[in-house]
>>> print(open('work_33.tsv').read())   # TSV, C-alpha atoms
chain	number	residue	atom	x	y	z
A	1	MET	CA	0.00	0.00	0.00
A	2	ILE	CA	1.21	3.49	-0.87
A	3	VAL	CA	-0.27	6.47	0.99
A	4	ILE	CA	0.31	9.77	-0.83
A	5	ILE	CA	0.26	12.78	1.49
A	6	THR	CA	-0.11	16.29	0.07
A	7	ALA	CA	-0.34	19.61	1.91
A	8	PRO	CA	0.84	23.21	1.71
A	9	SER	CA	4.07	24.21	3.45
A	10	TRP	CA	4.06	23.97	7.23
A	11	ALA	CA	1.00	21.73	7.47
A	12	GLY	CA	3.11	19.22	9.41
A	13	LYS	CA	3.25	16.47	6.78
A	14	THR	CA	6.91	15.53	7.39
A	15	THR	CA	6.44	15.62	11.16
A	16	LEU	CA	3.34	13.41	10.91
A	17	VAL	CA	5.10	10.89	8.68
A	18	ASP	CA	8.13	10.84	10.99
A	19	HIS	CA	5.89	10.04	13.97
A	20	LEU	CA	4.12	7.24	12.07
A	21	LEU	CA	7.45	5.73	11.03
A	22	LYS	CA	8.84	5.82	14.58
A	23	GLU	CA	5.87	4.20	16.30
A	24	LYS	CA	6.56	0.82	17.81
A	25	GLY	CA	5.56	-1.91	15.40
A	26	SER	CA	5.15	0.53	12.49
A	27	LYS	CA	4.51	-1.20	9.20
A	28	TRP	CA	5.33	1.94	7.21
A	29	LYS	CA	8.47	3.15	5.46
A	30	LYS	CA	9.50	5.93	3.10
A	31	PRO	CA	10.48	5.33	-0.50
A	32	ILE	CA	13.87	6.47	-1.73
A	33	ASN	CA	13.73	10.17	-2.63
A	34	PHE	CA	16.25	12.01	-4.79
A	35	THR	CA	16.98	15.72	-5.25
A	36	THR	CA	19.41	18.14	-6.83
A	37	ARG	CA	19.04	20.70	-4.03
A	38	GLN	CA	21.79	21.26	-1.50
A	39	PRO	CA	21.48	19.55	1.91
A	40	ARG	CA	19.89	21.85	4.46
A	41	GLY	CA	21.59	20.56	7.58
A	42	LEU	CA	18.90	21.12	10.19
A	43	LYS	CA	15.30	20.35	9.36
A	44	ALA	CA	11.98	20.60	11.23
A	45	SER	CA	10.99	16.98	11.67
A	46	ASN	CA	9.78	16.65	15.23
A	47	VAL	CA	7.18	18.25	17.47
A	48	ASP	CA	7.73	19.04	21.12
A	49	GLU	CA	5.15	18.73	23.90
A	50	ASN	CA	3.65	22.12	22.94
A	51	GLY	CA	3.09	21.10	19.34
A	52	ASP	CA	6.00	23.26	18.18
A	53	TYR	CA	8.51	22.13	15.57
A	54	VAL	CA	11.94	21.06	16.82
A	55	GLU	CA	15.01	20.90	14.61
A	56	SER	CA	16.80	17.63	13.97
A	57	GLU	CA	19.93	16.72	12.03
A	58	ARG	CA	18.71	14.43	9.27
A	59	ASP	CA	17.53	14.56	5.73
A	60	ASP	CA	15.41	12.21	3.66
A	61	TYR	CA	17.05	12.52	0.26
A	62	VAL	CA	19.77	11.08	-1.88
A	63	PHE	CA	21.54	14.16	-3.22
A	64	LEU	CA	22.51	14.11	-6.90
A	65	THR	CA	24.01	16.52	-9.38
A	66	GLN	CA	21.64	17.73	-12.06
A	67	SER	CA	23.31	15.50	-14.68
A	68	GLN	CA	23.03	12.44	-12.40
A	69	PHE	CA	19.35	13.18	-11.79
A	70	LEU	CA	18.60	13.69	-15.48
A	71	ALA	CA	20.36	10.41	-16.34
A	72	LYS	CA	18.23	8.54	-13.77
A	73	ARG	CA	15.10	10.19	-15.15
A	74	SER	CA	16.09	9.22	-18.71
A	75	ASN	CA	16.57	5.64	-17.50
A	76	GLY	CA	13.01	5.65	-16.12
A	77	ASP	CA	14.14	5.21	-12.51
A	78	PHE	CA	11.48	7.51	-11.03
A	79	ALA	CA	7.79	7.01	-10.28
A	80	GLU	CA	7.41	10.80	-10.33
A	81	THR	CA	9.58	13.89	-10.68
A	82	THR	CA	9.04	17.57	-10.16
A	83	ASP	CA	10.90	20.86	-10.35
A	84	TYR	CA	10.45	22.99	-7.23
A	85	ASN	CA	12.28	26.30	-6.77
A	86	GLY	CA	14.80	25.34	-9.45
A	87	ASN	CA	15.64	21.99	-7.89
A	88	LEU	CA	14.66	18.58	-9.19
A	89	TYR	CA	12.97	16.02	-6.94
A	90	GLY	CA	12.03	12.43	-7.68
A	91	VAL	CA	10.65	9.32	-5.99
A	92	SER	CA	12.21	6.00	-6.91
A	93	LYS	CA	9.93	3.71	-8.89
A	94	PHE	CA	11.19	0.68	-7.02
A	95	PHE	CA	8.41	-0.15	-4.56
A	96	ASP	CA	8.38	-3.55	-2.83
A	97	ARG	CA	4.81	-4.85	-3.20
A	98	ASN	CA	5.08	-6.45	0.26
A	99	GLU	CA	5.83	-3.13	1.99
A	100	ASN	CA	3.74	-0.09	2.96
A	101	TYR	CA	4.95	3.39	2.04
A	102	LEU	CA	4.19	6.94	3.14
A	103	VAL	CA	5.02	9.42	0.37
A	104	ILE	CA	4.94	13.23	0.72
A	105	LEU	CA	4.37	15.04	-2.58
A	106	GLU	CA	3.29	18.29	-4.17
A	107	PRO	CA	-0.07	18.15	-6.05
A	108	ASN	CA	1.56	17.52	-9.45
A	109	GLY	CA	3.68	14.76	-7.97
A	110	ARG	CA	0.59	13.25	-6.33
A	111	ASP	CA	-1.15	13.05	-9.70
A	112	GLU	CA	1.95	11.59	-11.38
A	113	LEU	CA	2.45	8.95	-8.65
A	114	GLN	CA	-1.26	8.08	-8.80
A	115	ARG	CA	-0.90	7.37	-12.54
A	116	PHE	CA	2.22	5.29	-11.85
A	117	CYS	CA	0.39	3.25	-9.18
A	118	ARG	CA	-2.55	2.62	-11.50
A	119	ASN	CA	-0.24	1.55	-14.36
A	120	GLU	CA	1.76	-0.74	-12.05
A	121	LYS	CA	-1.39	-1.98	-10.28
A	122	LEU	CA	-0.07	-0.83	-6.89
A	123	PRO	CA	-2.70	-0.10	-4.21
A	124	PHE	CA	-2.73	3.50	-2.98
A	125	ARG	CA	-4.66	6.04	-0.94
A	126	LYS	CA	-4.41	9.83	-0.87
A	127	VAL	CA	-4.52	12.28	2.03
A	128	PHE	CA	-4.70	16.05	1.80
A	129	ILE	CA	-3.82	17.99	4.96
A	130	ASP	CA	-5.66	21.29	4.73
A	131	ILE	CA	-4.16	24.29	6.52
A	132	SER	CA	-5.15	27.95	6.42
A	133	ARG	CA	-2.77	30.62	5.17
A	134	GLU	CA	-2.95	32.21	8.61
A	135	THR	CA	-1.88	29.01	10.40
A	136	ALA	CA	0.94	28.47	7.90
A	137	ILE	CA	2.24	32.03	8.38
A	138	GLU	CA	1.99	31.69	12.16
A	139	ARG	CA	3.99	28.45	12.12
A	140	MET	CA	6.62	29.85	9.77
A	141	THR	CA	6.98	33.05	11.79
A	142	LYS	CA	7.24	31.11	15.05
A	143	ARG	CA	10.32	29.34	13.76
A	144	TRP	CA	13.30	30.22	11.65
A	145	ALA	CA	11.63	31.04	8.32
A	146	SER	CA	12.87	34.25	6.73
A	147	LYS	CA	10.44	36.84	5.38
A	148	GLU	CA	11.49	35.87	1.84
A	149	ASP	CA	10.88	32.16	2.54
A	150	ILE	CA	7.46	32.93	4.02
A	151	LYS	CA	6.55	35.08	1.01
A	152	GLN	CA	7.69	32.39	-1.43
A	153	ARG	CA	5.87	29.54	0.33
A	154	ILE	CA	2.64	31.48	0.86
A	155	ALA	CA	2.63	32.41	-2.84
A	156	THR	CA	2.18	28.69	-3.65
A	157	HIS	CA	-0.35	28.04	-0.88
A	158	SER	CA	-3.45	28.35	-3.06
A	159	SER	CA	-2.05	25.88	-5.61
A	160	PHE	CA	-2.48	23.12	-3.02
A	161	GLU	CA	-5.92	21.65	-3.47
A	162	PRO	CA	-7.24	18.20	-2.68
A	163	ASP	CA	-8.40	16.08	-5.56
A	164	ALA	CA	-11.84	14.46	-5.55
A	165	THR	CA	-10.68	11.17	-4.03
A	166	SER	CA	-8.40	12.39	-1.24
A	167	LEU	CA	-9.23	12.15	2.44
A	168	ILE	CA	-9.17	15.75	3.68
A	169	VAL	CA	-7.70	16.24	7.16
A	170	ASP	CA	-7.95	19.59	8.96
A	171	GLY	CA	-4.32	20.47	9.68
A	172	ASN	CA	-5.22	23.59	11.69
A	173	GLY	CA	-6.04	21.56	14.79
A	174	SER	CA	-3.76	19.96	17.30
A	175	PHE	CA	-0.94	17.75	16.12
A	176	GLU	CA	-2.36	14.82	18.11
A	177	ASP	CA	-5.81	15.13	16.47
A	178	VAL	CA	-4.34	15.24	12.97
A	179	LEU	CA	-2.07	12.28	13.74
A	180	GLU	CA	-4.97	10.23	15.10
A	181	GLU	CA	-7.15	10.93	12.06
A	182	LEU	CA	-4.29	9.95	9.76
A	183	LYS	CA	-3.67	6.72	11.70
A	184	ILE	CA	-7.31	5.70	11.40
A	185	PHE	CA	-7.27	6.27	7.64
A	186	ILE	CA	-4.04	4.43	6.83
A	187	ASN	CA	-4.50	1.39	9.07
>>> encode(input="work_33.tsv", output="structure tokens")
Amino acid sequence: MIVIITAPSWAGKTTLVDHLLKEKGSKWKKPINFTTRQPRGLKASNVDENGDYVESERDDYVFLTQSQFLAKRSNGDFAETTDYNGNLYGVSKFFDRNENYLVILEPNGRDELQRFCRNEKLPFRKVFIDISRETAIERMTKRWASKEDIKQRIATHSSFEPDATSLIVDGNGSFEDVLEELKIFIN
């Protein structure tokens, strides 16, 4: 089973997936993700007891040069690819049919991976975590986001829409409520 999770910036999608992966007895894993962007070093991937983001030193990508990425894409090694802020991103097409995956994607990537799953006859579900612009700005401002980063991310906010067959989860609520709703849907 592949669960495709889509949401605007700062909806908590990476944090939610990280919690699901770390739970005792978790049957979920992430696919291999590739990018041409530079490693960021510290990344928001945890939530503290107040529901605030906490930095951690890890990244979820295999970093490639642009020529390496383009060669892999030409070889058909990706289930989906996208260009975001001048960087290329891709999800490996090599899914083990006996495993369960949580995949975080932009809307275009969601649609591309959905087509891939249908063509390969892989079972999948889709989740859209809805978050207001106000909540996104509040979360970005609360942490380390620069004014330029906030402006850039909010500019793309309205392009994030659920499709007709996605479960829509209200991401404006508490982290625990969103996590519980997601657990019920994917299990």
>>> closest_residue(input="work_33.tsv", among="A:Tyr61, A:Phe69, A:Tyr101, A:Phe78", to="A:Asn187", atoms="all atoms listed in the file")
A:Tyr101
>>> residues_near_point(input="work_33.tsv", point="(-2.7, 6.4, -2.8)", cutoff="6 Å", atoms="only C-alpha atoms", output="MDAnalysis selection string")
chainID A and resid 2:4 124:126
>>> write_last_selection(input="work_33.tsv", atoms="C-alpha atoms", output="PDB file, in the coordinates of the input")
ATOM      1  CA  ILE A   2       1.210   3.490  -0.870  1.00  0.00           C
ATOM      2  CA  VAL A   3      -0.270   6.470   0.990  1.00  0.00           C
ATOM      3  CA  ILE A   4       0.310   9.770  -0.830  1.00  0.00           C
ATOM      4  CA  PHE A 124      -2.730   3.500  -2.980  1.00  0.00           C
ATOM      5  CA  ARG A 125      -4.660   6.040  -0.940  1.00  0.00           C
ATOM      6  CA  LYS A 126      -4.410   9.830  -0.870  1.00  0.00           C
TER       7      LYS A 126
END
>>> residues_around(input="work_33.tsv", residues="A:Arg37", least_positions_apart="3", cutoff="10 Å", atoms="all atoms listed in the file", output="ChimeraX atom specification")
/A:34,40,61-66,84-89
>>> closest_residue(input="work_33.tsv", among="A:Arg73, A:Lys27, A:Arg97, A:Lys22", to="A:Pro123", atoms="only C-alpha atoms")
A:Arg97
>>> closest_residue(input="work_33.tsv", among="A:Leu122, A:Val91, A:Val103, A:Ile137", to="A:Leu20", atoms="only C-alpha atoms")
A:Val103
>>> atom_distance(input="work_33.tsv", atom1="atom CA of A:Lys93", atom2="atom CA of A:Ser26")
22.1 Å
>>> closest_residue(input="work_33.tsv", among="A:Met140, A:Ala71, A:Leu16, A:Ile131", to="A:Gly171", atoms="only C-alpha atoms")
A:Ile131
>>> closest_residue(input="work_33.tsv", among="A:Ala136, A:Ile129, A:Leu102, A:Asn33", to="A:His19", atoms="all atoms listed in the file")
A:Leu102
>>> residues_around(input="work_33.tsv", residues="A:Phe94", least_positions_apart="2", cutoff="12 Å", atoms="only C-alpha atoms", output="VMD selection string")
chain A and resid 30 to 33 76 to 80 90 to 92 96 to 99 101 116 to 117 120 122
>>> residues_around(input="work_33.tsv", residues="A:Phe160", least_positions_apart="3", cutoff="10 Å", atoms="all atoms listed in the file", output="PyMOL selection string")
chain A and resi 6-9+106-108+128-131+156-157+163
>>> write_last_selection(input="work_33.tsv", atoms="C-alpha atoms", output="JSON list (two decimals), keeping the file's coordinate frame")
[["chain", "number", "residue", "atom", "x", "y", "z"],
["A", 6, "THR", "CA", -0.11, 16.29, 0.07],
["A", 7, "ALA", "CA", -0.34, 19.61, 1.91],
["A", 8, "PRO", "CA", 0.84, 23.21, 1.71],
["A", 9, "SER", "CA", 4.07, 24.21, 3.45],
["A", 106, "GLU", "CA", 3.29, 18.29, -4.17],
["A", 107, "PRO", "CA", -0.07, 18.15, -6.05],
["A", 108, "ASN", "CA", 1.56, 17.52, -9.45],
["A", 128, "PHE", "CA", -4.70, 16.05, 1.80],
["A", 129, "ILE", "CA", -3.82, 17.99, 4.96],
["A", 130, "ASP", "CA", -5.66, 21.29, 4.73],
["A", 131, "ILE", "CA", -4.16, 24.29, 6.52],
["A", 156, "THR", "CA", 2.18, 28.69, -3.65],
["A", 157, "HIS", "CA", -0.35, 28.04, -0.88],
["A", 163, "ASP", "CA", -8.40, 16.08, -5.56]]
>>> atom_distance(input="work_33.tsv", atom1="atom CA of A:Ile104", atom2="atom CA of A:Glu138")
21.9 Å
